[in-house]
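A.B. asks: Sharing structure_0.tsv (TSV, C-alpha atoms and all ligand atoms) below.
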```
chain	number	residue	atom	x	y	z
A	1	MET	CA	82.19	126.79	140.97
A	2	THR	CA	84.66	124.95	143.16
A	3	PRO	CA	85.10	121.26	142.34
A	4	LYS	CA	84.32	118.89	145.22
A	5	GLY	CA	87.15	118.27	147.65
A	6	LEU	CA	88.95	121.47	146.69
A	7	GLU	CA	89.45	124.52	148.84
A	8	GLU	CA	89.52	127.93	147.19
A	9	VAL	CA	92.40	129.55	149.03
A	10	GLY	CA	92.75	132.73	147.00
A	11	ASP	CA	91.40	134.47	143.92
A	12	GLY	CA	91.37	131.69	141.32
A	13	ILE	CA	93.63	129.50	143.50
A	14	PHE	CA	92.37	126.08	144.54
A	15	VAL	CA	94.17	123.39	146.51
A	16	LEU	CA	93.75	119.63	146.66
A	17	ARG	CA	95.28	118.18	149.83
A	18	GLY	CA	96.20	114.52	150.07
A	19	ASP	CA	98.50	111.70	151.16
A	20	LEU	CA	100.36	111.73	154.47
A	21	LYS	CA	98.26	113.69	157.00
A	22	LYS	CA	96.80	115.53	153.99
A	23	GLY	CA	100.13	117.35	153.86
A	24	MET	CA	100.67	117.21	150.07
A	25	ASN	CA	99.29	120.08	148.02
A	26	ILE	CA	98.30	120.21	144.37
A	27	TYR	CA	97.22	123.68	143.18
A	28	PHE	CA	94.81	124.58	140.42
A	29	LEU	CA	95.01	128.11	139.08
A	30	ARG	CA	92.37	129.79	136.96
A	31	GLY	CA	94.06	132.34	134.73
A	32	PRO	CA	92.53	135.64	133.59
A	33	ASP	CA	91.72	134.07	130.20
A	34	GLY	CA	90.05	131.05	131.84
A	35	GLU	CA	93.06	128.78	131.42
A	36	ILE	CA	93.21	126.08	134.13
A	37	VAL	CA	96.75	125.26	135.16
A	38	GLN	CA	97.68	122.54	137.60
A	39	PHE	CA	100.77	123.50	139.62
A	40	ASP	CA	102.64	120.50	141.07
A	41	ALA	CA	101.35	116.94	141.02
A	42	GLY	CA	101.60	115.66	144.59
A	43	SER	CA	102.04	111.97	145.20
A	44	ARG	CA	100.86	108.93	143.27
A	45	SER	CA	98.10	108.16	145.81
A	46	MET	CA	96.36	111.42	144.82
A	47	LEU	CA	95.77	110.28	141.22
A	48	ARG	CA	92.11	109.37	141.57
A	49	ALA	CA	91.21	112.63	143.34
A	50	ASN	CA	93.33	114.61	140.87
A	51	ARG	CA	91.51	113.01	137.91
A	52	ARG	CA	88.12	113.78	139.40
A	53	VAL	CA	89.06	117.42	140.00
A	54	ALA	CA	90.40	117.75	136.44
A	55	GLN	CA	87.10	116.40	135.13
A	56	GLU	CA	85.05	118.80	137.25
A	57	PHE	CA	87.07	121.71	135.89
A	58	GLY	CA	86.18	120.47	132.40
A	59	GLY	CA	89.81	119.57	131.80
A	60	ILE	CA	93.21	120.94	132.74
A	61	ASP	CA	95.04	122.91	130.06
A	62	ARG	CA	98.52	122.17	131.32
A	63	ILE	CA	100.46	120.94	134.31
A	64	VAL	CA	103.44	122.95	135.55
A	65	LEU	CA	105.75	121.21	138.00
A	66	GLY	CA	107.28	123.39	140.73
A	67	HIS	CA	110.04	120.79	140.67
A	68	GLY	CA	110.52	117.17	139.76
A	69	HIS	CA	110.77	115.41	143.15
A	70	CYS	CA	108.67	112.28	143.62
A	71	ASP	CA	106.09	113.96	145.88
A	72	HIS	CA	105.56	116.76	143.32
A	73	ARG	CA	105.40	114.72	140.10
A	74	GLY	CA	103.30	111.86	141.55
A	75	THR	CA	100.18	112.09	139.37
A	76	ALA	CA	101.69	113.87	136.35
A	77	ALA	CA	102.63	110.82	134.26
A	78	LYS	CA	99.09	109.48	134.16
A	79	LEU	CA	96.88	112.58	133.81
A	80	GLY	CA	97.11	113.45	130.14
A	81	PRO	CA	97.63	117.25	129.86
A	82	PRO	CA	101.08	118.40	128.70
A	83	VAL	CA	103.58	118.82	131.53
A	84	TYR	CA	105.98	121.76	131.81
A	85	CYS	CA	108.84	122.53	134.17
A	86	HIS	CA	111.99	124.65	134.38
A	87	PRO	CA	114.79	123.63	131.96
A	88	ASP	CA	117.06	122.69	134.91
A	89	GLU	CA	114.45	120.23	136.16
A	90	VAL	CA	113.72	118.31	132.96
A	91	ALA	CA	116.33	115.58	133.54
A	92	ASP	CA	115.05	114.72	137.03
A	93	ALA	CA	111.37	114.94	136.04
A	94	GLU	CA	112.01	112.54	133.14
A	95	SER	CA	114.22	110.21	135.20
A	96	ASP	CA	113.12	106.71	136.20
A	97	ALA	CA	114.84	107.20	139.56
A	98	TYR	CA	112.50	107.89	142.49
A	99	LYS	CA	115.02	110.35	143.96
A	100	PRO	CA	117.82	112.51	142.55
A	101	ASP	CA	121.47	111.63	143.25
A	102	TYR	CA	121.96	114.73	145.41
A	103	PHE	CA	119.59	113.62	148.20
A	104	ASP	CA	121.71	112.73	151.23
A	105	LEU	CA	119.49	110.86	153.65
A	106	SER	CA	122.44	110.32	156.01
A	107	LEU	CA	121.82	113.94	157.09
A	108	MET	CA	118.38	112.91	158.41
A	109	PRO	CA	118.12	111.84	162.04
A	110	MET	CA	117.08	108.34	163.02
A	111	PRO	CA	114.60	106.76	162.70
A	112	VAL	CA	113.13	108.75	159.78
A	113	ARG	CA	116.37	108.20	157.84
A	114	LEU	CA	115.35	104.54	157.53
A	115	ILE	CA	111.74	105.26	156.62
A	116	TYR	CA	112.35	107.80	153.84
A	117	PRO	CA	113.44	105.49	150.98
A	118	ALA	CA	110.21	103.48	151.23
A	119	MET	CA	108.11	106.64	151.53
A	120	LEU	CA	109.77	108.34	148.57
A	121	LYS	CA	109.17	105.24	146.43
A	122	TRP	CA	105.56	105.06	147.57
A	123	TRP	CA	104.96	108.71	146.69
A	124	ASP	CA	106.53	108.52	143.24
A	125	GLY	CA	104.45	108.10	140.12
A	126	GLY	CA	107.43	107.53	137.83
A	127	ALA	CA	109.06	109.35	134.95
A	128	VAL	CA	107.14	112.23	133.36
A	129	LYS	CA	107.43	113.26	129.71
A	130	ILE	CA	108.11	117.01	129.67
A	131	ALA	CA	106.35	118.81	126.81
A	132	GLY	CA	107.97	122.21	127.29
A	133	THR	CA	109.71	124.51	129.72
A	134	VAL	CA	108.96	127.70	131.65
A	135	GLU	CA	111.53	130.12	133.00
A	136	GLU	CA	111.77	133.16	135.25
A	137	GLY	CA	109.67	135.97	133.80
A	138	ASP	CA	107.22	133.72	131.93
A	139	THR	CA	103.52	134.03	132.75
A	140	VAL	CA	101.46	131.10	134.05
A	141	ALA	CA	97.75	131.65	134.76
A	142	GLY	CA	98.32	135.34	135.49
A	143	PHE	CA	101.32	134.63	137.74
A	144	GLU	CA	104.95	135.40	137.01
A	145	VAL	CA	107.41	132.50	137.12
A	146	VAL	CA	110.25	133.00	139.62
A	147	HIS	CA	113.32	130.72	139.80
A	148	PHE	CA	114.10	129.55	143.34
A	149	PRO	CA	116.99	127.09	142.88
A	150	GLY	CA	118.52	125.21	145.81
A	151	HIS	CA	116.20	122.48	147.06
A	152	ALA	CA	116.14	121.44	143.39
A	153	PRO	CA	118.10	123.05	140.54
A	154	GLY	CA	115.01	124.00	138.56
A	155	LEU	CA	112.61	124.77	141.42
A	156	ILE	CA	110.14	127.49	140.44
A	157	GLY	CA	107.43	129.43	142.19
A	158	LEU	CA	104.63	131.65	140.90
A	159	TRP	CA	104.20	135.27	141.95
A	160	ARG	CA	101.20	137.56	141.57
A	161	GLU	CA	102.04	141.15	142.44
A	162	SER	CA	98.39	142.35	142.46
A	163	ASP	CA	97.56	140.49	145.68
A	164	ARG	CA	101.16	139.76	146.74
A	165	THR	CA	100.51	136.01	146.55
A	166	ALA	CA	103.23	133.44	146.01
A	167	VAL	CA	102.74	129.75	145.22
A	168	VAL	CA	106.19	128.32	145.70
A	169	SER	CA	106.28	124.48	145.82
A	170	ASP	CA	109.20	123.51	148.12
A	171	THR	CA	111.04	126.87	148.13
A	172	VAL	CA	110.03	126.98	151.78
A	173	TYR	CA	108.77	124.28	154.15
A	174	PHE	CA	105.87	124.55	156.57
A	175	VAL	CA	106.73	121.02	157.64
A	176	ASP	CA	109.42	119.52	159.80
A	177	SER	CA	110.62	116.80	157.44
A	178	ALA	CA	112.81	115.23	160.15
A	179	LYS	CA	109.73	114.72	162.31
A	180	LEU	CA	107.20	114.20	159.51
A	181	LYS	CA	104.77	116.72	160.91
A	182	ALA	CA	103.61	120.25	160.25
A	183	LEU	CA	105.51	123.14	161.81
A	184	PRO	CA	103.48	125.20	164.28
A	185	HIS	CA	101.24	127.45	162.18
A	186	GLY	CA	103.03	130.64	161.16
A	187	GLU	CA	106.49	129.05	161.20
A	188	ALA	CA	108.60	128.25	158.15
A	189	SER	CA	111.97	126.78	157.29
A	190	VAL	CA	114.35	126.31	154.43
A	191	PRO	CA	114.01	122.70	153.20
A	192	HIS	CA	116.14	120.19	155.14
A	193	PRO	CA	119.72	119.90	153.76
A	194	ALA	CA	119.16	116.14	153.25
A	195	PHE	CA	116.97	117.17	150.33
A	196	ALA	CA	119.15	119.94	148.91
A	197	TRP	CA	120.76	120.15	145.49
A	198	ASN	CA	122.62	123.19	146.88
A	199	HIS	CA	121.70	124.19	150.43
A	200	GLN	CA	123.29	127.67	150.27
A	201	ARG	CA	121.30	128.43	147.12
A	202	ALA	CA	118.17	127.12	148.88
A	203	LYS	CA	118.74	129.68	151.65
A	204	GLU	CA	119.26	132.46	149.08
A	205	SER	CA	116.01	131.46	147.41
A	206	VAL	CA	114.08	131.80	150.69
A	207	ARG	CA	115.58	135.31	151.00
A	208	LYS	CA	114.60	136.01	147.39
A	209	LEU	CA	111.04	135.05	148.30
A	210	ALA	CA	111.18	137.33	151.37
A	211	ALA	CA	112.35	140.21	149.15
A	212	LEU	CA	109.16	139.95	147.07
A	213	LYS	CA	107.29	140.95	150.25
A	214	PRO	CA	104.45	138.44	149.86
A	215	THR	CA	101.43	138.58	152.15
A	216	THR	CA	100.41	135.00	151.32
A	217	VAL	CA	102.73	132.08	150.62
A	218	HIS	CA	101.27	128.76	149.46
A	219	ALA	CA	103.79	125.93	149.55
A	220	GLY	CA	103.98	122.30	148.51
A	221	HIS	CA	103.06	121.03	151.95
A	222	GLU	CA	100.62	122.13	154.65
A	223	GLU	CA	98.64	125.34	155.14
A	224	ALA	CA	99.59	128.71	153.69
A	225	LEU	CA	101.46	131.42	155.55
A	226	HIS	CA	99.66	134.77	155.79
A	227	GLY	CA	100.75	138.12	157.18
A	228	ASP	CA	101.09	141.82	156.39
A	229	ASP	CA	104.85	141.52	156.72
A	230	LEU	CA	106.38	138.05	156.44
A	231	THR	CA	109.95	139.35	156.14
A	232	ASP	CA	111.06	138.29	159.65
A	233	VAL	CA	109.46	134.85	159.38
A	234	LEU	CA	111.03	134.16	155.99
A	235	MET	CA	114.45	135.60	156.82
A	236	ALA	CA	114.52	133.43	159.96
A	237	ALA	CA	113.34	130.45	157.87
A	238	ALA	CA	116.40	130.80	155.61
A	239	ASP	CA	118.68	130.21	158.63
A	240	LYS	CA	116.81	127.31	160.27
A	241	TYR	CA	119.33	124.72	159.01
B	301	ZN	ZN	111.01	118.60	146.96
```
Show how you would write the structure in this file as structure tokens.

C.D. replies:
Amino acid sequence: MTPKGLEEVGDGIFVLRGDLKKGMNIYFLRGPDGEIVQFDAGSRSMLRANRRVAQEFGGIDRIVLGHGHCDHRGTAAKLGPPVYCHPDEVADAESDAYKPDYFDLSLMPMPVRLIYPAMLKWWDGGAVKIAGTVEEGDTVAGFEVVHFPGHAPGLIGLWRESDRTAVVSDTVYFVDSAKLKALPHGEASVPHPAFAWNHQRAKESVRKLAALKPTTVHAGHEEALHGDDLTDVLMAAADKY
């Protein structure tokens, strides 16, 4: 059964869309043993919907953060289940700051440069207590954890070889963050350098994703990317900025 307000977007993969233009995604994964894992935690405004979904699932076993940015940890502090992330992301996930020091909003064009601080604060749900960590090679709900550092030092995605499906948080954007709107469907880009811990590593991580040869990529924002061969799209995405 699919809880109300959720879309089943793959085998045992459900998405809750919320906040700005419904562009923020929280994923719920049903593992082969019935474990329910929440991947990412969207923005604070999604808390009520997130709670209702958790209830309809009969509870969430654990939350795994793709990374610790404000629009991915938004509901995590208040939900209850233990929260996990990559070791390199613990400090930022547990920080009281609404954004990490490495964000450089001066790289954003006007006028969004001026709007972002207020938006980031609005999205944030505050510091999250991290119960444990997951690293490349670990298994989460039948998916393999893959490290995609760059946009954030401890950014992780989940990879399922059997149906070549990747759920990758902000490894790749299907949004134009400088224009605050979705990219045309089927297009992708490396995250904007204003939001990079290490932009060159972010590009390498998009290429690492391409090398997995996924046929479906679910990301932290907007609709999934589908295709028999996404290599060209993803390799071009790595060089967008
Ligand atoms: Zn992010």

A.B. asks: So, counting all atoms listed in the file, which residue among A:Ile60, A:Ala49, A:Val175, A:Ala131 is closest to ligand ZN 301 (chain B)?

C.D. replies: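 Selected residue with least distance to ligand ZN 301 (chain B): A:Val175.
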
A.B. asks: Taking into account all atoms listed in the file, which residue in the set A:Glu222, A:Val217, A:Asp239, A:Asp232 is nearest to His192 of chain A?

C.D. replies: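 Closest to His192 of chain A, using all atoms listed in the file: A:Asp239.
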
A.B. asks: Please identify all protein, DNA and RNA residues within 9 Å of ligand ZN 301 (chain B), counting only C-alpha atoms and all ligand atoms, and report them as an NGL selection string.

C.D. replies: :A and (66-72 or 151-152 or 155 or 169-171 or 191 or 195-196 or 220)

A.B. asks: Restricting the calculation to all atoms listed in the file: of A:Val233, A:Leu120, A:Ala141, A:Leu225, which residue gets closest to Gly34 of chain A?

C.D. replies: A:Ala141

A.B. asks: So the first atom is atom CA of Thr133 of chain A and the second is atom CA of Tyr116 of chain A; what is the distance between them in Å, to one decimal place?

C.D. replies: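 Interatomic distance here is 29.5 Å.
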
A.B. asks: Quick one: everything within 10 Å of Glu187 of chain A, counting only C-alpha atoms, minus sequence neighbours fewer than 4 positions away in the same chain. Send it as a PyMOL selection string.

C.D. replies: chain A and resi 173-175+182-183+225+233-234+236-237

A.B. asks: Calculate, to one decimal in Å, the centre and edge lengths of the box along x, y and z of the file that holds all listed atoms of segment 77-94 of chain A with 6 Å of margin on each side, and present them as lines of an AutoDock Vina configuration file.

C.D. replies:
```
center_x = 107.0
center_y = 117.1
center_z = 132.9
size_x = 32.2
size_y = 27.2
size_z = 20.3
```

A.B. asks: One number please: atom CA of Val37 of chain A to atom CA of Pro153 of chain A, in Å, one decimal.

C.D. replies: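 If I compute the distance from atom CA of Val37 of chain A to atom CA of Pro153 of chain A, I get 22.1 Å.
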
A.B. asks: So how many Å separate atom CA of Arg62 of chain A and atom CA of Leu212 of chain A, to one decimal?

C.D. replies: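 That distance, rounded to one decimal, is 26.0 Å.
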
A.B. asks: So which residues touch Val168 of chain A within 12 Å, counting only C-alpha atoms, skipping near sequence neighbours fewer than 3 positions away, as a ChimeraX atom specification?

C.D. replies: /A:25-27,39-40,64-67,72,143-149,151,155-160,165,171-174,205-206,208-210,214,216-221,224-225

A.B. asks: Next, dump the selected residues to file, keeping only C-alpha atoms, as a PDB file, keeping the file's coordinate frame.

C.D. replies:
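Output (result-v4.pdb):
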```pdb
ATOM      1  CA  ASN A  25      99.290 120.080 148.020  1.00  0.00           C
ATOM      2  CA  ILE A  26      98.300 120.210 144.370  1.00  0.00           C
ATOM      3  CA  TYR A  27      97.220 123.680 143.180  1.00  0.00           C
ATOM      4  CA  PHE A  39     100.770 123.500 139.620  1.00  0.00           C
ATOM      5  CA  ASP A  40     102.640 120.500 141.070  1.00  0.00           C
ATOM      6  CA  VAL A  64     103.440 122.950 135.550  1.00  0.00           C
ATOM      7  CA  LEU A  65     105.750 121.210 138.000  1.00  0.00           C
ATOM      8  CA  GLY A  66     107.280 123.390 140.730  1.00  0.00           C
ATOM      9  CA  HIS A  67     110.040 120.790 140.670  1.00  0.00           C
ATOM     10  CA  HIS A  72     105.560 116.760 143.320  1.00  0.00           C
ATOM     11  CA  PHE A 143     101.320 134.630 137.740  1.00  0.00           C
ATOM     12  CA  GLU A 144     104.950 135.400 137.010  1.00  0.00           C
ATOM     13  CA  VAL A 145     107.410 132.500 137.120  1.00  0.00           C
ATOM     14  CA  VAL A 146     110.250 133.000 139.620  1.00  0.00           C
ATOM     15  CA  HIS A 147     113.320 130.720 139.800  1.00  0.00           C
ATOM     16  CA  PHE A 148     114.100 129.550 143.340  1.00  0.00           C
ATOM     17  CA  PRO A 149     116.990 127.090 142.880  1.00  0.00           C
ATOM     18  CA  HIS A 151     116.200 122.480 147.060  1.00  0.00           C
ATOM     19  CA  LEU A 155     112.610 124.770 141.420  1.00  0.00           C
ATOM     20  CA  ILE A 156     110.140 127.490 140.440  1.00  0.00           C
ATOM     21  CA  GLY A 157     107.430 129.430 142.190  1.00  0.00           C
ATOM     22  CA  LEU A 158     104.630 131.650 140.900  1.00  0.00           C
ATOM     23  CA  TRP A 159     104.200 135.270 141.950  1.00  0.00           C
ATOM     24  CA  ARG A 160     101.200 137.560 141.570  1.00  0.00           C
ATOM     25  CA  THR A 165     100.510 136.010 146.550  1.00  0.00           C
ATOM     26  CA  THR A 171     111.040 126.870 148.130  1.00  0.00           C
ATOM     27  CA  VAL A 172     110.030 126.980 151.780  1.00  0.00           C
ATOM     28  CA  TYR A 173     108.770 124.280 154.150  1.00  0.00           C
ATOM     29  CA  PHE A 174     105.870 124.550 156.570  1.00  0.00           C
ATOM     30  CA  SER A 205     116.010 131.460 147.410  1.00  0.00           C
ATOM     31  CA  VAL A 206     114.080 131.800 150.690  1.00  0.00           C
ATOM     32  CA  LYS A 208     114.600 136.010 147.390  1.00  0.00           C
ATOM     33  CA  LEU A 209     111.040 135.050 148.300  1.00  0.00           C
ATOM     34  CA  ALA A 210     111.180 137.330 151.370  1.00  0.00           C
ATOM     35  CA  PRO A 214     104.450 138.440 149.860  1.00  0.00           C
ATOM     36  CA  THR A 216     100.410 135.000 151.320  1.00  0.00           C
ATOM     37  CA  VAL A 217     102.730 132.080 150.620  1.00  0.00           C
ATOM     38  CA  HIS A 218     101.270 128.760 149.460  1.00  0.00           C
ATOM     39  CA  ALA A 219     103.790 125.930 149.550  1.00  0.00           C
ATOM     40  CA  GLY A 220     103.980 122.300 148.510  1.00  0.00           C
ATOM     41  CA  HIS A 221     103.060 121.030 151.950  1.00  0.00           C
ATOM     42  CA  ALA A 224      99.590 128.710 153.690  1.00  0.00           C
ATOM     43  CA  LEU A 225     101.460 131.420 155.550  1.00  0.00           C
TER      44      LEU A 225
END
```

A.B. asks: Which residues are close to Gly142 of chain A, i.e. within 9 Å by all atoms listed in the file, leaving aside same-chain residues fewer than 2 positions away? Reply as a list in words.

C.D. replies: Leu29, Arg30, Gly31, Pro32, Asp33, Thr139, Val140, Glu144, Trp159 and Arg160 of chain A

A.B. asks: Counting all atoms listed in the file, which residue out of A:Asp88, A:Asp228, A:Glu56, A:Asp19 sits closest to Glu135 of chain A?

C.D. replies: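 Among the listed residues, the smallest separation from Glu135 of chain A belongs to A:Asp88.
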
A.B. asks: Identify which of the residues A:Ala202, A:Ala54, A:Leu20, A:Leu105 lies closest to Ile36 of chain A, counting all atoms listed in the file when measuring atom-to-atom distances.

C.D. replies: A:Ala54

A.B. asks: Considering all atoms listed in the file, state which residue in the set A:Gly80, A:Gln55, A:Gly126, A:Arg113 is at the smallest distance from Ala97 of chain A.

C.D. replies: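 Selected residue with least distance to Ala97 of chain A: A:Gly126.
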
A.B. asks: Using only C-alpha atoms, determine which residues lie at most 10 Å from Asp96 of chain A, disregarding the query and same-chain residues fewer than 3 positions distant; provide the list as a compact mmCIF listing (two decimals) with C-alpha atoms, in the coordinates of the input.

C.D. replies:
```
# COMPACT_ATOMS: atom_id res chain seq x y z
CA ALA A 91 116.33 115.58 133.54
CA ASP A 92 115.05 114.72 137.03
CA ALA A 93 111.37 114.94 136.04
CA LYS A 99 115.02 110.35 143.96
CA PRO A 100 117.82 112.51 142.55
CA ASP A 124 106.53 108.52 143.24
CA GLY A 125 104.45 108.10 140.12
CA GLY A 126 107.43 107.53 137.83
CA ALA A 127 109.06 109.35 134.95
CA VAL A 128 107.14 112.23 133.36
```

A.B. asks: Could you complete segment 41-59 of chain A so that it carries N, CA, C and O atoms, and give it back as a compact mmCIF listing (two decimals), keeping the file's coordinate frame?

C.D. replies:
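That gives us out-v2.txt:
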```txt
# COMPACT_ATOMS: atom_id res chain seq x y z
N ALA A 41 102.14 118.15 141.26
CA ALA A 41 101.35 116.94 141.02
C ALA A 41 101.41 115.95 142.17
O ALA A 41 101.15 114.77 141.99
N GLY A 42 101.72 116.45 143.37
CA GLY A 42 101.60 115.66 144.59
C GLY A 42 102.20 114.26 144.49
O GLY A 42 103.22 114.05 143.83
N SER A 43 101.54 113.35 145.18
CA SER A 43 102.04 111.97 145.20
C SER A 43 101.08 111.07 144.44
O SER A 43 99.93 111.43 144.19
N ARG A 44 101.59 109.89 144.10
CA ARG A 44 100.86 108.93 143.27
C ARG A 44 99.47 108.60 143.86
O ARG A 44 98.51 108.41 143.12
N SER A 45 99.37 108.55 145.18
CA SER A 45 98.10 108.16 145.81
C SER A 45 96.99 109.20 145.56
O SER A 45 95.83 108.93 145.84
N MET A 46 97.35 110.36 145.05
CA MET A 46 96.36 111.42 144.82
C MET A 46 95.78 111.35 143.41
O MET A 46 94.96 112.19 143.03
N LEU A 47 96.16 110.34 142.63
CA LEU A 47 95.77 110.28 141.22
C LEU A 47 94.26 110.30 141.02
O LEU A 47 93.73 111.06 140.20
N ARG A 48 93.55 109.46 141.78
CA ARG A 48 92.11 109.37 141.57
C ARG A 48 91.43 110.72 141.87
O ARG A 48 90.60 111.20 141.10
N ALA A 49 91.79 111.33 142.99
CA ALA A 49 91.21 112.63 143.34
C ALA A 49 91.60 113.70 142.32
O ALA A 49 90.78 114.55 141.93
N ASN A 50 92.84 113.65 141.86
CA ASN A 50 93.33 114.61 140.87
C ASN A 50 92.54 114.49 139.56
O ASN A 50 92.12 115.49 138.96
N ARG A 51 92.28 113.24 139.14
CA ARG A 51 91.51 113.01 137.91
C ARG A 51 90.10 113.57 138.02
O ARG A 51 89.58 114.19 137.10
N ARG A 52 89.49 113.32 139.20
CA ARG A 52 88.12 113.78 139.40
C ARG A 52 88.06 115.32 139.35
O ARG A 52 87.18 115.91 138.71
N VAL A 53 89.02 115.96 139.99
CA VAL A 53 89.06 117.42 140.00
C VAL A 53 89.25 117.95 138.57
O VAL A 53 88.57 118.90 138.14
N ALA A 54 90.15 117.32 137.83
CA ALA A 54 90.40 117.75 136.44
C ALA A 54 89.12 117.67 135.63
O ALA A 54 88.79 118.58 134.85
N GLN A 55 88.37 116.60 135.85
CA GLN A 55 87.10 116.40 135.13
C GLN A 55 86.11 117.50 135.50
O GLN A 55 85.44 118.06 134.64
N GLU A 56 86.02 117.80 136.80
CA GLU A 56 85.05 118.80 137.25
C GLU A 56 85.40 120.19 136.73
O GLU A 56 84.51 121.02 136.54
N PHE A 57 86.67 120.44 136.49
CA PHE A 57 87.07 121.71 135.89
C PHE A 57 86.75 121.73 134.39
O PHE A 57 86.91 122.75 133.74
N GLY A 58 86.38 120.56 133.85
CA GLY A 58 86.18 120.47 132.40
C GLY A 58 87.50 120.31 131.67
O GLY A 58 87.61 120.65 130.49
N GLY A 59 88.48 119.80 132.39
CA GLY A 59 89.81 119.57 131.80
C GLY A 59 90.83 120.56 132.31
O GLY A 59 90.49 121.69 132.69
```
